[in-house]
Amino acid sequence: MAVGNRGAKQPTLAQLRAFAAVAEHLHFRDAAAAIGMSQPALSGAVSALEEALGVQLLERTTRKVLLSPAGERIAVRAQVVLDAVGGLLEEAEAVRAPFTGVLRLGVIPTVAPYLLPTVLGLFHRRYPRVDLQVHEEQTGSLLEGLAAGRLDLLLLAVPLGVPGVSELPLFDEDFVLLAPRDHPLAGRRDIPLDELRDLQLLLLDEGHCLRDQALDICREAGRTTGADVTTTAAGLSTLVQLVAGGLGVTLLPRTALRLETARNEYLSTGCFAEPAPSRRIALAMRTGTARQEEFAAIAAALREAVRPLPVWPTD
């Protein structure tokens with residue numbers, strides 16, 4: 001137990017980790033399993049923390065564990081301290097050995113299936129000592145994970161406009177119109193954007209950034225609020241099948257076209273007249289992260305790696 005300059009006992013990091021785990025799980029067994037500590041050791045660490053701080057942090061009963069009012073406040077502070085220590089260790093690791101260790105990459109669902117083969121191939125060739133861990137989530141969840149330190153780097157559509165988050169642009173890609181093969185616009189290469197005004201449009205569910213991008217494109221085309229979207233899907237694959245079934249049309253990123261429409265004789269694509277609607281894909285990181293030079297190098301390598309894809313790498 002560390003001792004301060006006034007002789008008072010000071011909490012240790014192990015005690016703070018134990019208490020933070022209990023505060024998160026409100027269950028000693030689950031908390032102990034989460035941080036790889038035995039339950040008696042966890043209980044002892046929390047009791048020692050209470051003794052060091054001179055406050056009761058938990059209300060223990062035979063059936064459940066609750067945070068005391070003091071515990072609720074201390075839990076927030078404890079997490080801040082643990083995050084700061086984690087950042088310190090991360091910075092030391094980045095200086096000591098770049099392109100090694102764990103890299104937790106978050107990817108949105110409308111990018112993951114189409115770009116991950118390129119990303120994984122790049123890391124296998126260029127960064128074999130990086131332990132890449134991939135998490136597929138929607139944009140809101142990814143940003144929360146980045147802010148909390150659960151994720152290190154994000155691969156998603158931008159701009160985000162989020163304070164504390166820096167973007168490293170990778171490429172732009174056009175949207176194409178996906179339609180049933182007998183649709184009047186099927187196969188055209190010069191579709192005016194204003195054709196979107198009155199089409200039966202199919203979109204992804206709320207929470208997908210691709211839905212918001214498609215709606216922005218429709219507003220740019222002059223689509224009115226009266227032209228409502230009545231059918232949605234949880235993923236692009238389902239959306240494509242709805243189009244094949246004749247329920248309407250949708251906007252598809254060009255990188256998704258080959259995988260989602262291969263060998264489907266009921267589908268046809270159409271291209272918009274220039275300038276075609278597009279989206280930008282980027283890496284996003286915490287502003288000021290200790291690994292920013294490392295992440296910038298990865299972004300530069302990715303820009304080169306995506307050149308064989310139907311995209312426009314950024315400068």
# chains A, B, ... in the order shown; residues from 1 in each chain; ligands from 1
>>> closest_atom_pairs(of="region 65-164 of chain A", to="region 276-296 of chain A", cutoff="6 Å", atoms="only C-alpha atoms", output="JSON lines")
{"residue": "A:Glu91", "atom": "CA", "partner": "A:Ala290", "partner_atom": "CA", "distance": 4.8}
{"residue": "A:Ala94", "atom": "CA", "partner": "A:Arg291", "partner_atom": "CA", "distance": 5.9}
{"residue": "A:Leu153", "atom": "CA", "partner": "A:Met285", "partner_atom": "CA", "distance": 5.1}
{"residue": "A:Leu154", "atom": "CA", "partner": "A:Ala284", "partner_atom": "CA", "distance": 4.9}
{"residue": "A:Leu155", "atom": "CA", "partner": "A:Leu283", "partner_atom": "CA", "distance": 4.7}
{"residue": "A:Leu156", "atom": "CA", "partner": "A:Ile281", "partner_atom": "CA", "distance": 5.5}
{"residue": "A:Ala157", "atom": "CA", "partner": "A:Ile281", "partner_atom": "CA", "distance": 4.5}
{"residue": "A:Val158", "atom": "CA", "partner": "A:Arg280", "partner_atom": "CA", "distance": 5.8}
{"residue": "A:Gly164", "atom": "CA", "partner": "A:Thr287", "partner_atom": "CA", "distance": 5.1}
>>> write_last_selection(atoms="all heavy atoms", output="mmCIF file, in the first residue's frame")
data_model
loop_
_atom_site.group_PDB
_atom_site.id
_atom_site.type_symbol
_atom_site.label_atom_id
_atom_site.label_comp_id
_atom_site.auth_asym_id
_atom_site.auth_seq_id
_atom_site.Cartn_x
_atom_site.Cartn_y
_atom_site.Cartn_z
ATOM 1 N N GLU A 91 1.155 5.538 -24.731
ATOM 2 C CA GLU A 91 2.145 6.455 -25.281
ATOM 3 C C GLU A 91 3.543 5.861 -25.176
ATOM 4 O O GLU A 91 4.346 5.955 -26.117
ATOM 5 C CB GLU A 91 2.082 7.792 -24.545
ATOM 6 C CG GLU A 91 3.009 8.824 -25.135
ATOM 7 C CD GLU A 91 2.631 10.234 -24.728
ATOM 8 O OE1 GLU A 91 1.632 10.411 -24.021
ATOM 9 O OE2 GLU A 91 3.359 11.157 -25.135
ATOM 10 N N ALA A 94 3.901 3.223 -27.815
ATOM 11 C CA ALA A 94 4.000 3.785 -29.157
ATOM 12 C C ALA A 94 5.401 4.310 -29.428
ATOM 13 O O ALA A 94 5.924 4.174 -30.537
ATOM 14 C CB ALA A 94 2.969 4.900 -29.331
ATOM 15 N N LEU A 153 -8.981 3.125 -33.316
ATOM 16 C CA LEU A 153 -9.026 3.688 -34.660
ATOM 17 C C LEU A 153 -10.335 3.266 -35.311
ATOM 18 O O LEU A 153 -10.792 2.139 -35.096
ATOM 19 C CB LEU A 153 -7.830 3.162 -35.465
ATOM 20 C CG LEU A 153 -7.494 3.807 -36.803
ATOM 21 C CD1 LEU A 153 -7.103 5.276 -36.618
ATOM 22 C CD2 LEU A 153 -6.343 3.043 -37.474
ATOM 23 N N LEU A 154 -10.928 4.160 -36.093
ATOM 24 C CA LEU A 154 -12.201 3.863 -36.741
ATOM 25 C C LEU A 154 -12.049 3.959 -38.256
ATOM 26 O O LEU A 154 -11.271 4.764 -38.771
ATOM 27 C CB LEU A 154 -13.288 4.850 -36.290
ATOM 28 C CG LEU A 154 -13.490 5.038 -34.782
ATOM 29 C CD1 LEU A 154 -14.630 6.014 -34.530
ATOM 30 C CD2 LEU A 154 -13.750 3.705 -34.100
ATOM 31 N N LEU A 155 -12.818 3.144 -38.963
ATOM 32 C CA LEU A 155 -12.896 3.172 -40.419
ATOM 33 C C LEU A 155 -14.358 3.401 -40.777
ATOM 34 O O LEU A 155 -15.194 2.505 -40.596
ATOM 35 C CB LEU A 155 -12.385 1.846 -40.998
ATOM 36 C CG LEU A 155 -12.401 1.678 -42.513
ATOM 37 C CD1 LEU A 155 -11.581 2.761 -43.205
ATOM 38 C CD2 LEU A 155 -11.898 0.292 -42.903
ATOM 39 N N LEU A 156 -14.679 4.597 -41.273
ATOM 40 C CA LEU A 156 -16.080 4.962 -41.435
ATOM 41 C C LEU A 156 -16.234 6.121 -42.401
ATOM 42 O O LEU A 156 -15.256 6.663 -42.906
ATOM 43 C CB LEU A 156 -16.700 5.296 -40.079
ATOM 44 C CG LEU A 156 -16.324 6.599 -39.364
ATOM 45 C CD1 LEU A 156 -17.047 6.688 -38.026
ATOM 46 C CD2 LEU A 156 -14.849 6.804 -39.160
ATOM 47 N N ALA A 157 -17.488 6.495 -42.644
ATOM 48 C CA ALA A 157 -17.783 7.595 -43.549
ATOM 49 C C ALA A 157 -17.683 8.921 -42.797
ATOM 50 O O ALA A 157 -18.059 9.022 -41.633
ATOM 51 C CB ALA A 157 -19.180 7.426 -44.147
ATOM 52 N N VAL A 158 -17.164 9.927 -43.482
ATOM 53 C CA VAL A 158 -17.008 11.254 -42.899
ATOM 54 C C VAL A 158 -17.645 12.273 -43.858
ATOM 55 O O VAL A 158 -17.968 11.934 -44.993
ATOM 56 C CB VAL A 158 -15.502 11.563 -42.672
ATOM 57 C CG1 VAL A 158 -14.913 10.613 -41.650
ATOM 58 C CG2 VAL A 158 -14.705 11.513 -43.981
ATOM 59 N N GLY A 164 -12.689 16.571 -30.692
ATOM 60 C CA GLY A 164 -11.771 15.591 -30.134
ATOM 61 C C GLY A 164 -11.489 14.409 -31.032
ATOM 62 O O GLY A 164 -10.776 13.488 -30.629
#
>>> select_by_dssp(residues="region 112-158 of chain A", states="helix (DSSP H, G or I)", output="ChimeraX atom specification")
/A:112-126,139-148
>>> closest_residue(among="A:Ile298, A:Leu26, A:Met37, A:Leu257", to="Leu105 (chain A)", atoms="only C-alpha atoms")
A:Ile298
>>> select_by_dssp(residues="region 232-264 of chain A", states="strand (DSSP E)", output="MDAnalysis selection string")
chainID A and resid 232:233 250:253
>>> residues_around(residues="region 69-86 of chain A", least_positions_apart="5", cutoff="7 Å", atoms="only C-alpha atoms", output="list in words")
Leu16, Ala20, Ala23, Gln56, Leu57 and Leu58 of chain A
>>> write_last_selection(atoms="N, CA and C atoms", output="short mmCIF file (atom, residue, chain, number, x, y, z; two decimals), in the first residue's frame")
data_model
loop_
_atom_site.label_atom_id
_atom_site.label_comp_id
_atom_site.auth_asym_id
_atom_site.auth_seq_id
_atom_site.Cartn_x
_atom_site.Cartn_y
_atom_site.Cartn_z
N LEU A 16 -8.25 0.32 -7.61
CA LEU A 16 -9.13 1.10 -8.48
C LEU A 16 -9.72 0.23 -9.59
N ALA A 20 -13.65 -0.39 -10.07
CA ALA A 20 -14.27 -0.02 -11.33
C ALA A 20 -15.01 -1.20 -11.95
N ALA A 23 -18.18 -1.66 -9.99
CA ALA A 23 -19.11 -0.59 -10.33
C ALA A 23 -19.78 -0.83 -11.67
N GLN A 56 -17.55 4.53 2.51
CA GLN A 56 -18.19 3.29 2.06
C GLN A 56 -18.58 3.45 0.60
N LEU A 57 -18.05 2.57 -0.23
CA LEU A 57 -18.29 2.66 -1.66
C LEU A 57 -19.44 1.78 -2.13
N LEU A 58 -19.68 0.68 -1.42
CA LEU A 58 -20.69 -0.28 -1.83
C LEU A 58 -21.68 -0.54 -0.72
#
>>> closest_atom_pairs(of="region 114-143 of chain A", to="region 188-211 of chain A", cutoff="12 Å", atoms="only C-alpha atoms", output="CSV")
residue,atom,partner,partner_atom,distance
A:Glu137,CA,A:His208,CA,9.5
A:Gln138,CA,A:His208,CA,6.1
A:Thr139,CA,A:Cys209,CA,6.7
A:Gly140,CA,A:Gly207,CA,7.5
A:Ser141,CA,A:Gly207,CA,9.5
A:Leu142,CA,A:Gly207,CA,11.6
>>> write_last_selection(atoms="N, CA and C atoms", output="PDB file, in the first residue's frame")
ATOM      1  N   GLU A 137     -19.571  -2.055 -35.888  1.00  0.00           N
ATOM      2  CA  GLU A 137     -20.641  -1.387 -35.160  1.00  0.00           C
ATOM      3  C   GLU A 137     -21.102  -0.178 -35.964  1.00  0.00           C
ATOM      4  N   GLN A 138     -22.268   0.355 -35.603  1.00  0.00           N
ATOM      5  CA  GLN A 138     -22.733   1.569 -36.247  1.00  0.00           C
ATOM      6  C   GLN A 138     -21.932   2.772 -35.760  1.00  0.00           C
ATOM      7  N   THR A 139     -22.032   3.872 -36.485  1.00  0.00           N
ATOM      8  CA  THR A 139     -21.181   5.036 -36.241  1.00  0.00           C
ATOM      9  C   THR A 139     -21.269   5.552 -34.812  1.00  0.00           C
ATOM     10  N   GLY A 140     -22.479   5.683 -34.271  1.00  0.00           N
ATOM     11  CA  GLY A 140     -22.636   6.221 -32.923  1.00  0.00           C
ATOM     12  C   GLY A 140     -21.913   5.381 -31.890  1.00  0.00           C
ATOM     13  N   SER A 141     -22.039   4.070 -31.996  1.00  0.00           N
ATOM     14  CA  SER A 141     -21.372   3.166 -31.060  1.00  0.00           C
ATOM     15  C   SER A 141     -19.859   3.236 -31.215  1.00  0.00           C
ATOM     16  N   LEU A 142     -19.382   3.348 -32.458  1.00  0.00           N
ATOM     17  CA  LEU A 142     -17.942   3.443 -32.691  1.00  0.00           C
ATOM     18  C   LEU A 142     -17.367   4.700 -32.053  1.00  0.00           C
TER      19      LEU A 142
END
>>> residues_around(residues="region 117-131 of chain A", least_positions_apart="5", cutoff="7 Å", atoms="only C-alpha atoms", output="compact mmCIF listing (two decimals) with C-alpha atoms, in the first residue's frame")
# COMPACT_ATOMS: atom_id res chain seq x y z
CA PHE A 99 3.39 -0.99 -35.33
CA THR A 100 3.30 -3.57 -32.54
CA GLY A 101 0.79 -4.59 -29.91
CA VAL A 102 -3.00 -4.42 -30.00
CA LEU A 103 -4.87 -2.16 -32.40
CA ALA A 305 -3.78 -0.41 -51.11
CA VAL A 306 -7.28 0.66 -52.27
>>> closest_residue(among="A:Arg223, A:Arg181, A:Arg29, A:His135", to="Leu267 (chain A)", atoms="only C-alpha atoms")
A:Arg181
>>> closest_atom_pairs(of="region 67-149 of chain A", to="region 230-239 of chain A", cutoff="12 Å", atoms="only C-alpha atoms", output="Markdown table")
| residue | atom | partner | partner_atom | distance |
| --- | --- | --- | --- | --- |
| A:Ile108 | CA | A:Gly235 | CA | 11.0 |
| A:Pro109 | CA | A:Gly235 | CA | 7.6 |
| A:Thr110 | CA | A:Leu236 | CA | 7.0 |
| A:Val111 | CA | A:Leu236 | CA | 10.3 |
| A:Ala112 | CA | A:Leu236 | CA | 11.3 |
| A:Pro113 | CA | A:Leu236 | CA | 10.2 |
| A:Tyr114 | CA | A:Leu236 | CA | 11.3 |
| A:Glu137 | CA | A:Gly235 | CA | 11.9 |
| A:Gln138 | CA | A:Ala234 | CA | 11.1 |
>>> closest_residue(among="A:Val176, A:Gly106, A:Arg63, A:Ala147", to="Ala273 (chain A)", atoms="only C-alpha atoms")
A:Val176
>>> atom_distance(atom1="CA of Pro310 (chain A)", atom2="CA of Leu178 (chain A)")
16.2 Å
>>> residues_around(residues="Ser268 (chain A)", least_positions_apart="2", cutoff="7 Å", atoms="only C-alpha atoms", output="PyMOL selection string")
chain A and resi 178-181+186-187+270
>>> write_last_selection(atoms="N, CA and C atoms", output="compact mmCIF listing (two decimals), in the first residue's frame")
# COMPACT_ATOMS: atom_id res chain seq x y z
N LEU A 178 -29.30 1.07 -57.74
CA LEU A 178 -29.59 -0.35 -57.90
C LEU A 178 -31.08 -0.51 -58.09
N ALA A 179 -31.46 -1.19 -59.16
CA ALA A 179 -32.88 -1.29 -59.52
C ALA A 179 -33.19 -2.68 -60.06
N PRO A 180 -34.47 -3.06 -60.07
CA PRO A 180 -34.84 -4.31 -60.75
C PRO A 180 -34.47 -4.22 -62.23
N ARG A 181 -34.21 -5.36 -62.85
CA ARG A 181 -33.68 -5.36 -64.22
C ARG A 181 -34.65 -4.74 -65.23
N ALA A 186 -32.80 1.20 -65.32
CA ALA A 186 -31.80 0.12 -65.27
C ALA A 186 -30.83 0.22 -66.44
N GLY A 187 -29.55 0.18 -66.13
CA GLY A 187 -28.53 0.18 -67.16
C GLY A 187 -28.13 1.53 -67.70
N GLY A 270 -27.54 1.49 -62.43
CA GLY A 270 -27.50 2.69 -63.25
C GLY A 270 -26.53 3.68 -62.64
>>> closest_residue(among="A:Leu132, A:Leu247, A:Ile217, A:Val46", to="Leu13 (chain A)", atoms="only C-alpha atoms")
A:Val46
